[in-house]
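Novice: I have a structure I would like to understand better, so I am pasting it below and will then ask my questions one at a time.
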Amino acid sequence: MLYLVALLSHCLPLAMGQYDICKSWVTTDDGPSWEFYACQPKAMRMKDYVTVRVDPAGITCGDPPERFCTHENPYLCSDECDASNPDLAHPPKLMFDSEDEGLATYWQSVTWRRYPEPLLANITLSWNKSIELTDDIVITFEYGRPTIMMLEKSLDNGRTWHPYQYYADDCMEAFSMPARRVRDLSTTSANRVLCTEEYSRWAGSKKEKTVRFEVRDRFAIFAGPDLKNMDNLYTRLESAKGLKDFFTVTDLRMRLLRPALGGTYVQRENLYKYFYAVSNIEVTGRCKCNLHANLCTFKEGSLQCECEHNTTGQDCGKCKKNFRSRSWRAGSYLPLPNGSPNACAAAGSAFGNCECYGHSNRCSYIDFLNVVTCVSCKHNTRGQHCQHCRLGFYRNSSAELDDENVCIECNCNQIGSMHDRCNETGYCECKEGATGPKCDDCLPNYYWRQGCFPNVCDDELLLCQNGGTCYQNQRCICPVGFKGVLCQQSRCEADKKDCDGASSARGSLGAVLLGVLVLQLRGWGDL
């Protein structure tokens, strides 16, 4: 009976479709065990899990309210966009809502009232997760498709962007590129970035609302027009360099560069008919789980792979703890039909279990201690299991023990710290007067001069006396007649002779001034 269950479960991948089961329970000569297969989640509507951002600020219409008209009725400008009125507002979320009874709801930009300044808008879709496209991206516009736009992609959550496809009514004029069609690409150019004129020219038909990024046509280069030869596609995805990454994104960005013109030049007397309006964006794909999961769930605001094969992480991108006897590898579509799971295996060797957290691939048995220890720990780690940080480094609390960046350099200030070592939180041991995590600052009442030195004076506690002024906390500049560290000492008290000289000098000066005053009074009396 157990053998029959194993046989049926082994046939499930074929019955349910390729790569939709990760493992089955089988019986062998050594007893029952799990047999692993390469696996991936089913495709789904990715717009249900997306976060959207529209920029620049103020590009969405309605604040302040604005009227607009359409190309069908260019001089009947009775429509209005008002962000304060739910019935007249056109916020970004309307690009992803369900449109009941055929009533189109859409995001809308401001009109081109500032012509000839370009009317530019960016629509950014983010998943905070790697996804693999499985069908065409379809963008539906109301009131005309842009005459110039770009589609860009990111593989690193929006840190860097790369062109995905260019769209224009004249590719050579807009992007200095000849117009090409995806169906004309070959097996060696299937991942080429091209410019197409197919979705930008004005024909006046209300049905011509969509702009596509043709994923299926690129798949068809390998799998045939009806995508029946998927084995060939999976083989190419493994063997053609960069092809798998071409269909992988974390973010998409539409750069709208020029609105629909209605088949004519810009009519400056009526700029209210030029704007962007997007009613729907369809993105179909699956979570990228590196062929280590067949389920992907939405948890805590983001998509998460339900990892199998002893893997873990948002994309199943690393081995679980205690399953790191060899380096992590993504699963493979090959050999057909079940692929290679490349499952992570439990750590073990001739010396017994020894966990090195991926920082060493060699162990050594120390005979007289009767222990197995990791050899040549990398990534600035040390210890029997590479579980500690080298001197001069400390543990990165936000990283797991198997992370290459688990140990961070202390970077203690060479002048302010006792040595280059720090504690487990990254704080260095400071010399007297120094402070801060790296000992590169001074405590209150200390000043920095190639190290921290006590203040001689300041404006709070160590005040210069008798009218003295504190210079950079290092010394008091004393007025005439005073001396000392804080100008606290009279020169008379310090030197009697100097004091007498100063007194006689002051007395002589007073006598002279008194004589002058008497002479002046006498002179005035004779007048």
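Letters A, B, ... go to the chains of the structure tokens in the order shown; residues in each chain start at 1; ligands are counted from 1 in the same order.
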Considering only alpha helix (DSSP H) as DSSP defines it on the backbone, what residues of range 239-466 of chain A qualify? List them as a PyMOL selection string.
Specialist: chain A and resi 239+243-246
Novice: Store the residues picked out above, limited to C-alpha atoms, as an mmCIF file, in the first residue's frame.
Specialist:
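part03.cif written:
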data_model
loop_
_atom_site.group_PDB
_atom_site.id
_atom_site.type_symbol
_atom_site.label_atom_id
_atom_site.label_comp_id
_atom_site.auth_asym_id
_atom_site.auth_seq_id
_atom_site.Cartn_x
_atom_site.Cartn_y
_atom_site.Cartn_z
ATOM 1 C CA SER A 239 21.052 27.355 -20.553
ATOM 2 C CA LEU A 243 17.212 34.805 -20.032
ATOM 3 C CA LYS A 244 15.707 33.799 -16.679
ATOM 4 C CA ASP A 245 16.638 37.145 -15.111
ATOM 5 C CA PHE A 246 15.083 38.977 -18.075
#
Novice: Quick one: everything within 8 Å of Glu432 in chain A, counting only C-alpha atoms, minus sequence neighbours fewer than 2 positions away in the same chain. Send it as a PyMOL selection string.
Specialist: chain A and resi 430+434+452
Novice: Which residues are close to range 41-46 of chain A, i.e. within 6 Å by only C-alpha atoms, leaving aside same-chain residues fewer than 3 positions away? Reply as a list in words.
Specialist: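 These residues fall inside the cut-off: Tyr49, Val283, Thr284, Gly285, Arg286, Asn294 and Leu295 of chain A.
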Novice: Keeping only N, CA, C and O atoms, take the residues you just selected and write them out as a short mmCIF file (atom, residue, chain, number, x, y, z; two decimals), in the first residue's frame.
Specialist:
data_model
loop_
_atom_site.label_atom_id
_atom_site.label_comp_id
_atom_site.auth_asym_id
_atom_site.auth_seq_id
_atom_site.Cartn_x
_atom_site.Cartn_y
_atom_site.Cartn_z
N TYR A 49 -1.25 42.33 -5.14
CA TYR A 49 -0.26 42.42 -4.05
C TYR A 49 0.70 43.59 -4.24
O TYR A 49 1.72 43.66 -3.57
N VAL A 283 -0.62 42.45 -14.43
CA VAL A 283 0.69 41.81 -14.37
C VAL A 283 0.46 40.39 -13.86
O VAL A 283 -0.04 40.20 -12.74
N THR A 284 0.80 39.41 -14.67
CA THR A 284 0.63 38.01 -14.29
C THR A 284 2.00 37.38 -14.10
O THR A 284 2.89 37.53 -14.96
N GLY A 285 2.18 36.72 -12.99
CA GLY A 285 3.48 36.11 -12.71
C GLY A 285 3.40 35.20 -11.51
O GLY A 285 2.32 34.94 -10.96
N ARG A 286 4.55 34.72 -11.09
CA ARG A 286 4.64 33.87 -9.91
C ARG A 286 5.77 34.37 -9.02
O ARG A 286 6.69 35.05 -9.47
N ASN A 294 6.42 25.51 -3.86
CA ASN A 294 5.26 25.52 -4.76
C ASN A 294 4.11 26.33 -4.21
O ASN A 294 3.03 26.36 -4.78
N LEU A 295 4.35 27.01 -3.09
CA LEU A 295 3.34 27.89 -2.50
C LEU A 295 3.98 29.24 -2.17
O LEU A 295 5.14 29.30 -1.77
#
Novice: List as an MDAnalysis selection string the protein and nucleic acid residues near Leu334 in chain A, meaning an atom at most 10 Å away when only C-alpha atoms are counted, but skip any in the same chain fewer than 6 places from it.
Specialist: chainID A and resid 38 231 234:235 237:239 340:341
Novice: Which of range 101-148 of chain A counts as strand (DSSP E) under DSSP, as an mmCIF file with N, CA and C atoms, in the first residue's frame please?
Specialist:
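states-v1.cif written:
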data_model
loop_
_atom_site.group_PDB
_atom_site.id
_atom_site.type_symbol
_atom_site.label_atom_id
_atom_site.label_comp_id
_atom_site.auth_asym_id
_atom_site.auth_seq_id
_atom_site.Cartn_x
_atom_site.Cartn_y
_atom_site.Cartn_z
ATOM 1 N N TRP A 107 -7.050 56.263 -13.044
ATOM 2 C CA TRP A 107 -6.190 57.347 -12.578
ATOM 3 C C TRP A 107 -6.015 58.332 -13.720
ATOM 4 N N GLN A 108 -5.936 59.615 -13.365
ATOM 5 C CA GLN A 108 -5.764 60.634 -14.401
ATOM 6 C C GLN A 108 -4.762 61.687 -13.944
ATOM 7 N N ALA A 121 5.149 61.819 -16.277
ATOM 8 C CA ALA A 121 4.576 61.121 -15.124
ATOM 9 C C ALA A 121 5.224 59.745 -15.006
ATOM 10 N N ASN A 122 5.507 59.329 -13.784
ATOM 11 C CA ASN A 122 6.041 57.995 -13.503
ATOM 12 C C ASN A 122 5.029 57.218 -12.673
ATOM 13 N N ILE A 123 4.771 55.969 -13.069
ATOM 14 C CA ILE A 123 3.927 55.057 -12.305
ATOM 15 C C ILE A 123 4.803 53.884 -11.907
ATOM 16 N N THR A 124 5.045 53.723 -10.606
ATOM 17 C CA THR A 124 5.956 52.689 -10.111
ATOM 18 C C THR A 124 5.173 51.626 -9.362
ATOM 19 N N LEU A 125 5.372 50.372 -9.759
ATOM 20 C CA LEU A 125 4.746 49.223 -9.110
ATOM 21 C C LEU A 125 5.817 48.464 -8.346
ATOM 22 N N SER A 126 5.576 48.203 -7.068
ATOM 23 C CA SER A 126 6.570 47.533 -6.227
ATOM 24 C C SER A 126 5.932 46.351 -5.507
ATOM 25 N N TRP A 127 6.704 45.245 -5.434
ATOM 26 C CA TRP A 127 6.225 44.056 -4.742
ATOM 27 C C TRP A 127 7.079 43.703 -3.516
ATOM 28 N N ASN A 128 8.211 44.333 -3.359
ATOM 29 C CA ASN A 128 9.129 43.983 -2.263
ATOM 30 C C ASN A 128 9.444 42.492 -2.283
ATOM 31 N N LYS A 129 9.505 41.944 -3.485
ATOM 32 C CA LYS A 129 9.694 40.501 -3.660
ATOM 33 C C LYS A 129 10.022 40.238 -5.115
ATOM 34 N N SER A 130 10.918 39.316 -5.376
ATOM 35 C CA SER A 130 11.221 38.936 -6.757
ATOM 36 C C SER A 130 10.059 38.129 -7.321
ATOM 37 N N ILE A 131 9.591 38.527 -8.506
ATOM 38 C CA ILE A 131 8.543 37.771 -9.188
ATOM 39 C C ILE A 131 8.997 37.468 -10.603
ATOM 40 N N GLU A 132 8.464 36.382 -11.162
ATOM 41 C CA GLU A 132 8.785 35.969 -12.526
ATOM 42 C C GLU A 132 7.544 36.135 -13.388
ATOM 43 N N LEU A 133 7.663 36.908 -14.459
ATOM 44 C CA LEU A 133 6.533 37.156 -15.349
ATOM 45 C C LEU A 133 6.193 35.893 -16.125
ATOM 46 N N ILE A 137 2.358 41.879 -19.829
ATOM 47 C CA ILE A 137 1.949 43.033 -19.041
ATOM 48 C C ILE A 137 1.028 43.859 -19.933
ATOM 49 N N VAL A 138 -0.166 44.165 -19.440
ATOM 50 C CA VAL A 138 -1.157 44.877 -20.247
ATOM 51 C C VAL A 138 -1.583 46.138 -19.504
ATOM 52 N N ILE A 139 -1.351 47.288 -20.105
ATOM 53 C CA ILE A 139 -1.716 48.582 -19.530
ATOM 54 C C ILE A 139 -2.846 49.163 -20.378
ATOM 55 N N THR A 140 -3.969 49.469 -19.745
ATOM 56 C CA THR A 140 -5.136 49.980 -20.463
ATOM 57 C C THR A 140 -5.285 51.471 -20.196
ATOM 58 N N PHE A 141 -5.276 52.259 -21.256
ATOM 59 C CA PHE A 141 -5.405 53.717 -21.169
ATOM 60 C C PHE A 141 -6.804 54.139 -21.588
ATOM 61 N N ILE A 148 4.678 58.672 -26.564
ATOM 62 C CA ILE A 148 6.022 58.260 -26.158
ATOM 63 C C ILE A 148 5.957 57.785 -24.707
#
Novice: Calculated over only C-alpha atoms, which of the candidates A:Glu300, A:Asn290, A:Lys47, A:Leu336 has the smallest distance to Ser98 in chain A?
Specialist: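 Smallest distance to Ser98 in chain A is found for A:Lys47.
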Novice: Can you list, as a PyMOL selection string, every protein, DNA or RNA residue that comes within 7 Å of range 440-442 of chain A when you count only C-alpha atoms, leaving out same-chain residues fewer than 5 positions away?
Specialist: chain A and resi 413+416+433-435+447-448+452
Novice: Give me the residues within 9 Å of Met172 in chain A as a list in words, counting only C-alpha atoms and dropping any in the same chain fewer than 6 places off.
Specialist: Pro178, Ala179 and Cys195 of chain A
Novice: Given the choices A:Ser376, A:Ser279, A:Thr264, A:Thr469, which gets closest to Arg201 in chain A if the distance is worked out from only C-alpha atoms?
Specialist: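 With only C-alpha atoms as the atom set, the closest residue is A:Thr264.
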Novice: I'd like the neighbourhood of Leu256 in chain A as number ranges by chain, where a residue qualifies if any of its atoms comes within 10 Å (using only C-alpha atoms), though same-chain residues fewer than 3 positions away should be ignored.
Specialist: A: 119-123, 145-151, 167, 253, 259, 276
Novice: Taking only C-alpha atoms into account, name the residue in A:Thr373, A:Asn85, A:Thr381, A:Gln267 that is nearest to Trp112 in chain A.
Specialist: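 Using only C-alpha atoms, Trp112 in chain A sits closest to A:Gln267.
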